[in-house]
Amino acid sequence: MKKGMLTAVIIITILLVLFIGCSTKDTVEEAVTPDALAAPESLIERVSYSLGYLMSDSYKSQGVDLDSRYFALAMEAVYGEAEALYTAEEMDQIMMEYQEVLTAEQAELTAASAGANLEKAETFLAENKDRDGIITTASGLQYEVIVEGEGVKPTAEDEVTVHYSGTLLTGIVFDSSYQRGTPATFPLNEVISGWTEGVQLMNVGSSYRFYIHPDLGYGEIGAGDMIGPNELLIFDVELISITGK
């Protein structure tokens with residue numbers, strides 16, 4: 001069976017069984033309790049329960065709130081060929097309204113997280129700048145020299161090869177060329193500004209540690225699943241070479 005067809009079958013099955021424990025045979029208020037159903041025996045029964053559980057768990061983890069009574073009512077309408085309560089256009093509008101609610105809620109959560117992370121970042125940097133060996137540039141970038149090399153320094157237009165490890169304030173490593181076992185090569189003017197500025201301070205053969213304010217990193221947007229909005233980033237960087245030099 002083709003992947004697309006299999007996906008469609010799974011989705012249809014999910015819609016049939018997601019809330020198999022609820023019945024609208026008499027009224028939507030009469031829910032079938034787990035005790036009213038025998039333990040699933042056939043493959044379809046077991047698949048139905050498994051898909052229903054997994055999809056419900058997925059929706060719940062995403063913060064999607066559903067009313068199983070009306071979900072079951074809709075299934076009964078479709079497979080009983082009853083008239084729908086809403087037109088297709090009305091359903092589209094309902095889903096759009098719900099998406100707007102979810103978007104607004106996510107925006108509130110992001111804003112709260114961004115504010116908290118920014119406060120943590122600035123508190124850390126305010127304390128960190130007074131440590132021995134910490135240098136703060138005009139932009140607010142903080143760094144310390146771990147090993148000072150003797151090679152040339154790159155410019156923003158150069159391509160560099162580095163080994164690095166990036167961590168959050170929590171100590172979680174979100175990216176590491178060391179863990180991958182392969183150094184990274186990239187144009188220095190195509191990375192976050194904290195890197196563009198910081199690596200230009202390094203001689204080839206140097207190892208620095210950078211403390212990057214969110215404004216010099218990924219800002220309020222964050223990056224991927226691990227770097228939240230306004231996260232302070234800590235990078236250990238080893239400048240291995242500059243292309244062509």
# chains A, B, ... in the order shown; residues from 1 in each chain; ligands from 1
call {"tool": "residues_around", "arguments": {"residues": "Ile212 of chain A", "least_positions_apart": "2", "cutoff": "9 Å", "atoms": "only C-alpha atoms", "output": "ChimeraX atom specification"}}
result
/A:121,125,140-143,194-195,210,214-217,231-235
call {"tool": "write_last_selection", "arguments": {"atoms": "C-alpha atoms", "output": "PDB file, in the first residue's frame"}}
result
ATOM      1  CA  ALA A 121      19.770  36.630  30.418  1.00  0.00           C
ATOM      2  CA  LEU A 125      25.254  39.001  32.063  1.00  0.00           C
ATOM      3  CA  GLY A 140      27.241  43.806  24.850  1.00  0.00           C
ATOM      4  CA  LEU A 141      28.929  40.608  23.707  1.00  0.00           C
ATOM      5  CA  GLN A 142      30.837  38.966  26.535  1.00  0.00           C
ATOM      6  CA  TYR A 143      33.706  36.561  26.023  1.00  0.00           C
ATOM      7  CA  GLY A 194      27.215  37.471  18.186  1.00  0.00           C
ATOM      8  CA  TRP A 195      29.202  34.933  16.189  1.00  0.00           C
ATOM      9  CA  PHE A 210      31.072  33.619  24.141  1.00  0.00           C
ATOM     10  CA  PRO A 214      19.448  37.464  22.874  1.00  0.00           C
ATOM     11  CA  ASP A 215      19.720  40.634  20.757  1.00  0.00           C
ATOM     12  CA  LEU A 216      22.938  39.216  19.313  1.00  0.00           C
ATOM     13  CA  GLY A 217      21.451  35.728  18.969  1.00  0.00           C
ATOM     14  CA  GLU A 231      17.440  32.763  25.279  1.00  0.00           C
ATOM     15  CA  LEU A 232      20.995  33.667  26.263  1.00  0.00           C
ATOM     16  CA  LEU A 233      23.463  31.456  24.403  1.00  0.00           C
ATOM     17  CA  ILE A 234      26.861  30.257  25.582  1.00  0.00           C
ATOM     18  CA  PHE A 235      29.274  29.025  22.918  1.00  0.00           C
TER      19      PHE A 235
END
call {"tool": "residues_around", "arguments": {"residues": "Val145 of chain A", "least_positions_apart": "6", "cutoff": "10 Å", "atoms": "only C-alpha atoms", "output": "PyMOL selection string"}}
result
chain A and resi 133-135+202+206-210+236
call {"tool": "select_by_dssp", "arguments": {"residues": "segment 117-183 of chain A", "states": "strand (DSSP E or B)", "output": "list in words"}}
result
Ile135, Thr136, Gln142, Tyr143, Glu144, Val145, Ile146, Val147, Glu159, Val160, Thr161, Val162, His163, Tyr164, Ser165, Gly166, Thr167, Val173, Phe174, Asp175 and Ser176 of chain A
call {"tool": "residues_around", "arguments": {"residues": "segment 149-153 of chain A", "least_positions_apart": "3", "cutoff": "7 Å", "atoms": "only C-alpha atoms", "output": "list in words"}}
result
Gln200, Leu201, Met202, Asn203, Val204, Gly205 and Ser206 of chain A
call {"tool": "write_last_selection", "arguments": {"atoms": "N, CA and C atoms", "output": "JSON list (two decimals), in the first residue's frame"}}
result
[["chain", "number", "residue", "atom", "x", "y", "z"],
["A", 200, "GLN", "N", 35.57, 37.15, 14.81],
["A", 200, "GLN", "CA", 36.54, 38.09, 14.24],
["A", 200, "GLN", "C", 37.60, 38.52, 15.26],
["A", 201, "LEU", "N", 37.32, 38.32, 16.53],
["A", 201, "LEU", "CA", 38.28, 38.65, 17.58],
["A", 201, "LEU", "C", 39.33, 37.57, 17.74],
["A", 202, "MET", "N", 39.10, 36.41, 17.15],
["A", 202, "MET", "CA", 39.93, 35.24, 17.38],
["A", 202, "MET", "C", 41.03, 35.09, 16.34],
["A", 203, "ASN", "N", 42.20, 34.66, 16.79],
["A", 203, "ASN", "CA", 43.24, 34.20, 15.88],
["A", 203, "ASN", "C", 43.01, 32.72, 15.60],
["A", 204, "VAL", "N", 43.43, 32.26, 14.44],
["A", 204, "VAL", "CA", 43.36, 30.83, 14.15],
["A", 204, "VAL", "C", 44.14, 30.08, 15.23],
["A", 205, "GLY", "N", 43.54, 29.04, 15.75],
["A", 205, "GLY", "CA", 44.14, 28.27, 16.83],
["A", 205, "GLY", "C", 43.61, 28.65, 18.20],
["A", 206, "SER", "N", 42.77, 29.72, 18.24],
["A", 206, "SER", "CA", 42.22, 30.17, 19.51],
["A", 206, "SER", "C", 40.97, 29.39, 19.89]]
call {"tool": "residues_around", "arguments": {"residues": "segment 219-229 of chain A", "least_positions_apart": "4", "cutoff": "10 Å", "atoms": "only C-alpha atoms", "output": "ChimeraX atom specification"}}
result
/A:110-118,167-168,172-175,192,213-215,233
call {"tool": "write_last_selection", "arguments": {"atoms": "N, CA and C atoms", "output": "PDB file, in the first residue's frame"}}
result
ATOM      1  N   THR A 110       4.326  32.683  24.403  1.00  0.00           N
ATOM      2  CA  THR A 110       5.628  33.073  23.869  1.00  0.00           C
ATOM      3  C   THR A 110       6.090  34.384  24.480  1.00  0.00           C
ATOM      4  N   ALA A 111       5.167  35.343  24.591  1.00  0.00           N
ATOM      5  CA  ALA A 111       5.512  36.636  25.172  1.00  0.00           C
ATOM      6  C   ALA A 111       5.951  36.485  26.627  1.00  0.00           C
ATOM      7  N   ALA A 112       5.235  35.655  27.368  1.00  0.00           N
ATOM      8  CA  ALA A 112       5.594  35.432  28.773  1.00  0.00           C
ATOM      9  C   ALA A 112       6.963  34.771  28.882  1.00  0.00           C
ATOM     10  N   SER A 113       7.211  33.786  28.014  1.00  0.00           N
ATOM     11  CA  SER A 113       8.496  33.091  28.021  1.00  0.00           C
ATOM     12  C   SER A 113       9.618  34.029  27.612  1.00  0.00           C
ATOM     13  N   ALA A 114       9.361  34.869  26.606  1.00  0.00           N
ATOM     14  CA  ALA A 114      10.370  35.815  26.134  1.00  0.00           C
ATOM     15  C   ALA A 114      10.756  36.786  27.240  1.00  0.00           C
ATOM     16  N   GLY A 115       9.772  37.282  27.972  1.00  0.00           N
ATOM     17  CA  GLY A 115      10.045  38.211  29.060  1.00  0.00           C
ATOM     18  C   GLY A 115      10.861  37.577  30.165  1.00  0.00           C
ATOM     19  N   ALA A 116      10.493  36.356  30.540  1.00  0.00           N
ATOM     20  CA  ALA A 116      11.207  35.653  31.606  1.00  0.00           C
ATOM     21  C   ALA A 116      12.639  35.330  31.190  1.00  0.00           C
ATOM     22  N   ASN A 117      12.806  34.867  29.945  1.00  0.00           N
ATOM     23  CA  ASN A 117      14.143  34.523  29.456  1.00  0.00           C
ATOM     24  C   ASN A 117      15.038  35.751  29.355  1.00  0.00           C
ATOM     25  N   LEU A 118      14.478  36.878  28.908  1.00  0.00           N
ATOM     26  CA  LEU A 118      15.263  38.107  28.790  1.00  0.00           C
ATOM     27  C   LEU A 118      15.747  38.564  30.165  1.00  0.00           C
ATOM     28  N   THR A 167      25.392  25.951  24.486  1.00  0.00           N
ATOM     29  CA  THR A 167      24.546  25.549  25.606  1.00  0.00           C
ATOM     30  C   THR A 167      23.636  26.693  26.015  1.00  0.00           C
ATOM     31  N   LEU A 168      22.563  26.334  26.708  1.00  0.00           N
ATOM     32  CA  LEU A 168      21.656  27.313  27.297  1.00  0.00           C
ATOM     33  C   LEU A 168      22.091  27.591  28.735  1.00  0.00           C
ATOM     34  N   ILE A 172      21.915  22.856  29.135  1.00  0.00           N
ATOM     35  CA  ILE A 172      21.519  21.941  28.067  1.00  0.00           C
ATOM     36  C   ILE A 172      22.296  22.267  26.795  1.00  0.00           C
ATOM     37  N   VAL A 173      22.920  21.267  26.202  1.00  0.00           N
ATOM     38  CA  VAL A 173      23.624  21.443  24.934  1.00  0.00           C
ATOM     39  C   VAL A 173      22.610  21.361  23.798  1.00  0.00           C
ATOM     40  N   PHE A 174      22.483  22.445  23.020  1.00  0.00           N
ATOM     41  CA  PHE A 174      21.518  22.442  21.927  1.00  0.00           C
ATOM     42  C   PHE A 174      22.159  22.195  20.572  1.00  0.00           C
ATOM     43  N   ASP A 175      23.484  22.323  20.507  1.00  0.00           N
ATOM     44  CA  ASP A 175      24.171  22.072  19.233  1.00  0.00           C
ATOM     45  C   ASP A 175      25.653  21.879  19.527  1.00  0.00           C
ATOM     46  N   ILE A 192      24.558  34.279  13.355  1.00  0.00           N
ATOM     47  CA  ILE A 192      24.053  35.297  14.275  1.00  0.00           C
ATOM     48  C   ILE A 192      25.134  36.338  14.535  1.00  0.00           C
ATOM     49  N   HIS A 213      24.040  37.765  24.273  1.00  0.00           N
ATOM     50  CA  HIS A 213      22.736  38.346  24.614  1.00  0.00           C
ATOM     51  C   HIS A 213      21.737  37.985  23.523  1.00  0.00           C
ATOM     52  N   PRO A 214      20.460  37.817  23.884  1.00  0.00           N
ATOM     53  CA  PRO A 214      19.448  37.464  22.874  1.00  0.00           C
ATOM     54  C   PRO A 214      19.420  38.400  21.670  1.00  0.00           C
ATOM     55  N   ASP A 215      19.710  39.689  21.872  1.00  0.00           N
ATOM     56  CA  ASP A 215      19.720  40.634  20.757  1.00  0.00           C
ATOM     57  C   ASP A 215      20.821  40.320  19.752  1.00  0.00           C
ATOM     58  N   LEU A 233      22.731  32.589  24.953  1.00  0.00           N
ATOM     59  CA  LEU A 233      23.463  31.456  24.403  1.00  0.00           C
ATOM     60  C   LEU A 233      24.919  31.504  24.846  1.00  0.00           C
TER      61      LEU A 233
END
call {"tool": "residues_around", "arguments": {"residues": "Val162 of chain A", "least_positions_apart": "6", "cutoff": "8 Å", "atoms": "only C-alpha atoms", "output": "list of chain:residue names"}}
result
A:Pro183, A:Ala184, A:Thr185, A:Val237, A:Glu238, A:Leu239, A:Ile240, A:Ser241
call {"tool": "residues_around", "arguments": {"residues": "Tyr98 of chain A", "least_positions_apart": "5", "cutoff": "12 Å", "atoms": "only C-alpha atoms", "output": "PyMOL selection string"}}
result
chain A and resi 64-66+91-93+103-105
call {"tool": "select_by_dssp", "arguments": {"residues": "segment 30-111 of chain A", "states": "alpha helix (DSSP H)", "output": "PyMOL selection string"}}
result
chain A and resi 43-61+68-79+88-111
call {"tool": "closest_residue", "arguments": {"among": "A:Leu169, A:Ile94, A:Val160, A:Met75", "to": "Lys245 of chain A", "atoms": "only C-alpha atoms"}}
result
A:Val160
call {"tool": "atom_distance", "arguments": {"atom1": "atom CA of Tyr79 of chain A", "atom2": "atom CA of Glu97 of chain A"}}
result
26.2 Å
call {"tool": "atom_distance", "arguments": {"atom1": "atom CA of Lys120 of chain A", "atom2": "atom CA of Thr170 of chain A"}}
result
10.7 Å
call {"tool": "atom_distance", "arguments": {"atom1": "atom CA of Pro154 of chain A", "atom2": "atom CA of Asn230 of chain A"}}
result
27.9 Å
call {"tool": "decode", "arguments": {"residues": "segment 52-68 of chain A", "atoms": "N, CA and C atoms", "output": "PDB file, in the first residue's frame"}}
result
ATOM      1  N   GLY A  52      -7.281   5.449  18.631  1.00  0.00           N
ATOM      2  CA  GLY A  52      -8.039   6.413  19.416  1.00  0.00           C
ATOM      3  C   GLY A  52      -7.236   6.941  20.585  1.00  0.00           C
ATOM      4  N   TYR A  53      -6.549   6.057  21.270  1.00  0.00           N
ATOM      5  CA  TYR A  53      -5.748   6.471  22.426  1.00  0.00           C
ATOM      6  C   TYR A  53      -4.583   7.352  22.003  1.00  0.00           C
ATOM      7  N   LEU A  54      -3.863   6.913  20.966  1.00  0.00           N
ATOM      8  CA  LEU A  54      -2.685   7.661  20.526  1.00  0.00           C
ATOM      9  C   LEU A  54      -3.042   9.050  20.019  1.00  0.00           C
ATOM     10  N   MET A  55      -4.117   9.132  19.237  1.00  0.00           N
ATOM     11  CA  MET A  55      -4.507  10.426  18.710  1.00  0.00           C
ATOM     12  C   MET A  55      -5.014  11.331  19.827  1.00  0.00           C
ATOM     13  N   SER A  56      -5.773  10.775  20.754  1.00  0.00           N
ATOM     14  CA  SER A  56      -6.257  11.573  21.882  1.00  0.00           C
ATOM     15  C   SER A  56      -5.089  12.103  22.698  1.00  0.00           C
ATOM     16  N   ASP A  57      -4.112  11.247  22.929  1.00  0.00           N
ATOM     17  CA  ASP A  57      -2.938  11.656  23.686  1.00  0.00           C
ATOM     18  C   ASP A  57      -2.179  12.757  22.952  1.00  0.00           C
ATOM     19  N   SER A  58      -2.101  12.641  21.621  1.00  0.00           N
ATOM     20  CA  SER A  58      -1.423  13.657  20.817  1.00  0.00           C
ATOM     21  C   SER A  58      -2.150  14.988  20.892  1.00  0.00           C
ATOM     22  N   TYR A  59      -3.478  14.959  20.724  1.00  0.00           N
ATOM     23  CA  TYR A  59      -4.253  16.195  20.815  1.00  0.00           C
ATOM     24  C   TYR A  59      -4.094  16.837  22.192  1.00  0.00           C
ATOM     25  N   LYS A  60      -4.150  16.026  23.232  1.00  0.00           N
ATOM     26  CA  LYS A  60      -4.048  16.546  24.590  1.00  0.00           C
ATOM     27  C   LYS A  60      -2.695  17.211  24.820  1.00  0.00           C
ATOM     28  N   SER A  61      -1.629  16.570  24.329  1.00  0.00           N
ATOM     29  CA  SER A  61      -0.291  17.121  24.524  1.00  0.00           C
ATOM     30  C   SER A  61      -0.104  18.426  23.775  1.00  0.00           C
ATOM     31  N   GLN A  62      -0.886  18.634  22.719  1.00  0.00           N
ATOM     32  CA  GLN A  62      -0.809  19.868  21.946  1.00  0.00           C
ATOM     33  C   GLN A  62      -1.742  20.949  22.488  1.00  0.00           C
ATOM     34  N   GLY A  63      -2.470  20.621  23.540  1.00  0.00           N
ATOM     35  CA  GLY A  63      -3.365  21.596  24.134  1.00  0.00           C
ATOM     36  C   GLY A  63      -4.685  21.752  23.412  1.00  0.00           C
ATOM     37  N   VAL A  64      -5.013  20.796  22.540  1.00  0.00           N
ATOM     38  CA  VAL A  64      -6.283  20.858  21.805  1.00  0.00           C
ATOM     39  C   VAL A  64      -7.392  20.287  22.684  1.00  0.00           C
ATOM     40  N   ASP A  65      -8.433  21.071  22.893  1.00  0.00           N
ATOM     41  CA  ASP A  65      -9.546  20.657  23.747  1.00  0.00           C
ATOM     42  C   ASP A  65     -10.717  20.221  22.876  1.00  0.00           C
ATOM     43  N   LEU A  66     -11.153  18.990  23.060  1.00  0.00           N
ATOM     44  CA  LEU A  66     -12.256  18.455  22.260  1.00  0.00           C
ATOM     45  C   LEU A  66     -13.368  17.920  23.160  1.00  0.00           C
ATOM     46  N   ASP A  67     -14.589  17.995  22.680  1.00  0.00           N
ATOM     47  CA  ASP A  67     -15.731  17.426  23.377  1.00  0.00           C
ATOM     48  C   ASP A  67     -16.087  16.118  22.677  1.00  0.00           C
ATOM     49  N   SER A  68     -15.823  15.015  23.355  1.00  0.00           N
ATOM     50  CA  SER A  68     -15.994  13.701  22.730  1.00  0.00           C
ATOM     51  C   SER A  68     -17.444  13.432  22.327  1.00  0.00           C
TER      52      SER A  68
END
